[in-house]
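Below: one structure, written as structure tokens.
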Amino acid sequence: MPLPSGNDNHRVVSYNLKWSILIKLTLVAICIGGWFFAYQWGKRIALETNGQLVQQNKELKTRIAAADIKQKKQLQSITLLESARQIDKLALNNVRTLVRELEQDKSTLHEELTFYRSVIAPEHAETGIRLHEFTLLQGDQPRSFQLRFVVSQISRKNDFRKGEARVNLKGKQGNKAVSLSLFELAGQNSSSLPLGFRYFQILPKKQKFFQFKLPDNFVPEQIDIVINMSSGSVRKLDKVFDWNKELATDVGKHLDLDLGREPEKKERTKAR
């Protein structure tokens with residue numbers, strides 16, 4: 001006869017401890033195996049990735065090295081091109097300078113030829129005493145100036161002639177009219193210089209220009225050149241130049257020569 005039961009929903013289940021432990025061990029083994037497999041798989045992926053990165057790094061280094069070599073070659077090419085450009089520029093400047101010097105020489109030779117023609121071929125000009133190549137320029141220092149001129153004779157015989165030359169600067173110092181000897185301002189011992197020539201004489205003789213400096217508060221207005229000869233049909237030449245006009249003209253003339261332009265011809269001085 002079956003035993004009575006207070007609750008029909010309750011069931012009696014038998015529990016096997018060994019089986020339970022086996023299941024747990026199996027689950028643990030599966031977890032450990034899965035973890036180990038995942039670790040090995042991740043390790044393999046990491047090694048492959050690392051290998052790829054190493055290879056890419058080597059390729060990048062190779063590309064960078066090639067780029068550096070290419071950049072150096074380009075820099076060398078640029079340097080060579082720049083050097084060639086500078087050489088071409090220098091050569092062009094030299095050519096321009098040479099052309100300017102040739103133009104200046106041409107202009108100078110033309111003026112000298114005109115002058116020598118007037119001296120050597122007097123049949124084409126009026127006889128007498130002449131002034132040529134009168135030039136007045138500013139000096140390197142304040143109130144300093146330079147002056148030169150040529151005295152010549154136009155004659156049928158061209159005898160040797162003697163005389164003297166005086167150059168006076170006329171102007172004002174304060175409210176007073178003043179006349180100064182240019183030769184004395186230029187350091188000469190006398191207010192006159194001796195002349196002796198058959199065809200012409202360049203003044204000054206031993207240097208290119210008379211170098212002189214104006215006194216303070218002196219304002220020049222005119223340059224008076226007086227030539228006295230001891231013999232000949234025409235024994236005196238007195239020519240007055242305007243200071244400002246001659247200074248501006250001669251500065252412009254030399255500027256034209258520096259720029260390679262043909263300078264304007266100054267009017268020749270006639271004897272009286």
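In the structure tokens, each chain is lettered A, B, ... as it comes, each chain's residues begin at 1, and ligands are numbered from 1 in order of appearance.
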Name the residues of stretch 37-204 of chain A that come out as strand (DSSP E) in a backbone DSSP run; write them as a PyMOL selection string.
chain A and resi 128-138+144-154+161-173+176-181+192-197+200-203
Distance of atom CA of A:Leu247 from atom CA of A:Asn175, expressed in Å to one decimal place:
23.1 Å
Looking at A:Pro215, A:Arg235, A:Glu221, A:Gln56, which one is nearest to A:Pro142, with distances taken over only C-alpha atoms?
A:Pro215
Taking into account only C-alpha atoms, which residue in the set A:Ile129, A:Val167, A:Val150, A:Ile23 is nearest to A:Lys208?
A:Val150
For A:Gly196, please output as number ranges by chain all residues within 12 Å (counting only C-alpha atoms; exclusion window: fewer than 6 positions along the same chain).
A: 151-153, 159-165, 202-203, 205, 227-231
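Atom pair atom CA of A:Phe134 / atom CA of A:Lys245: separated by 12.3 Å.
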Would you mind writing down, as a count of residues only, each residue of stretch 39-223 of chain A that DSSP on the backbone assigns to helix (DSSP H, G or I)?
89
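The coordinates place atom CA of A:Lys89 at 28.0 Å from atom CA of A:Lys70.
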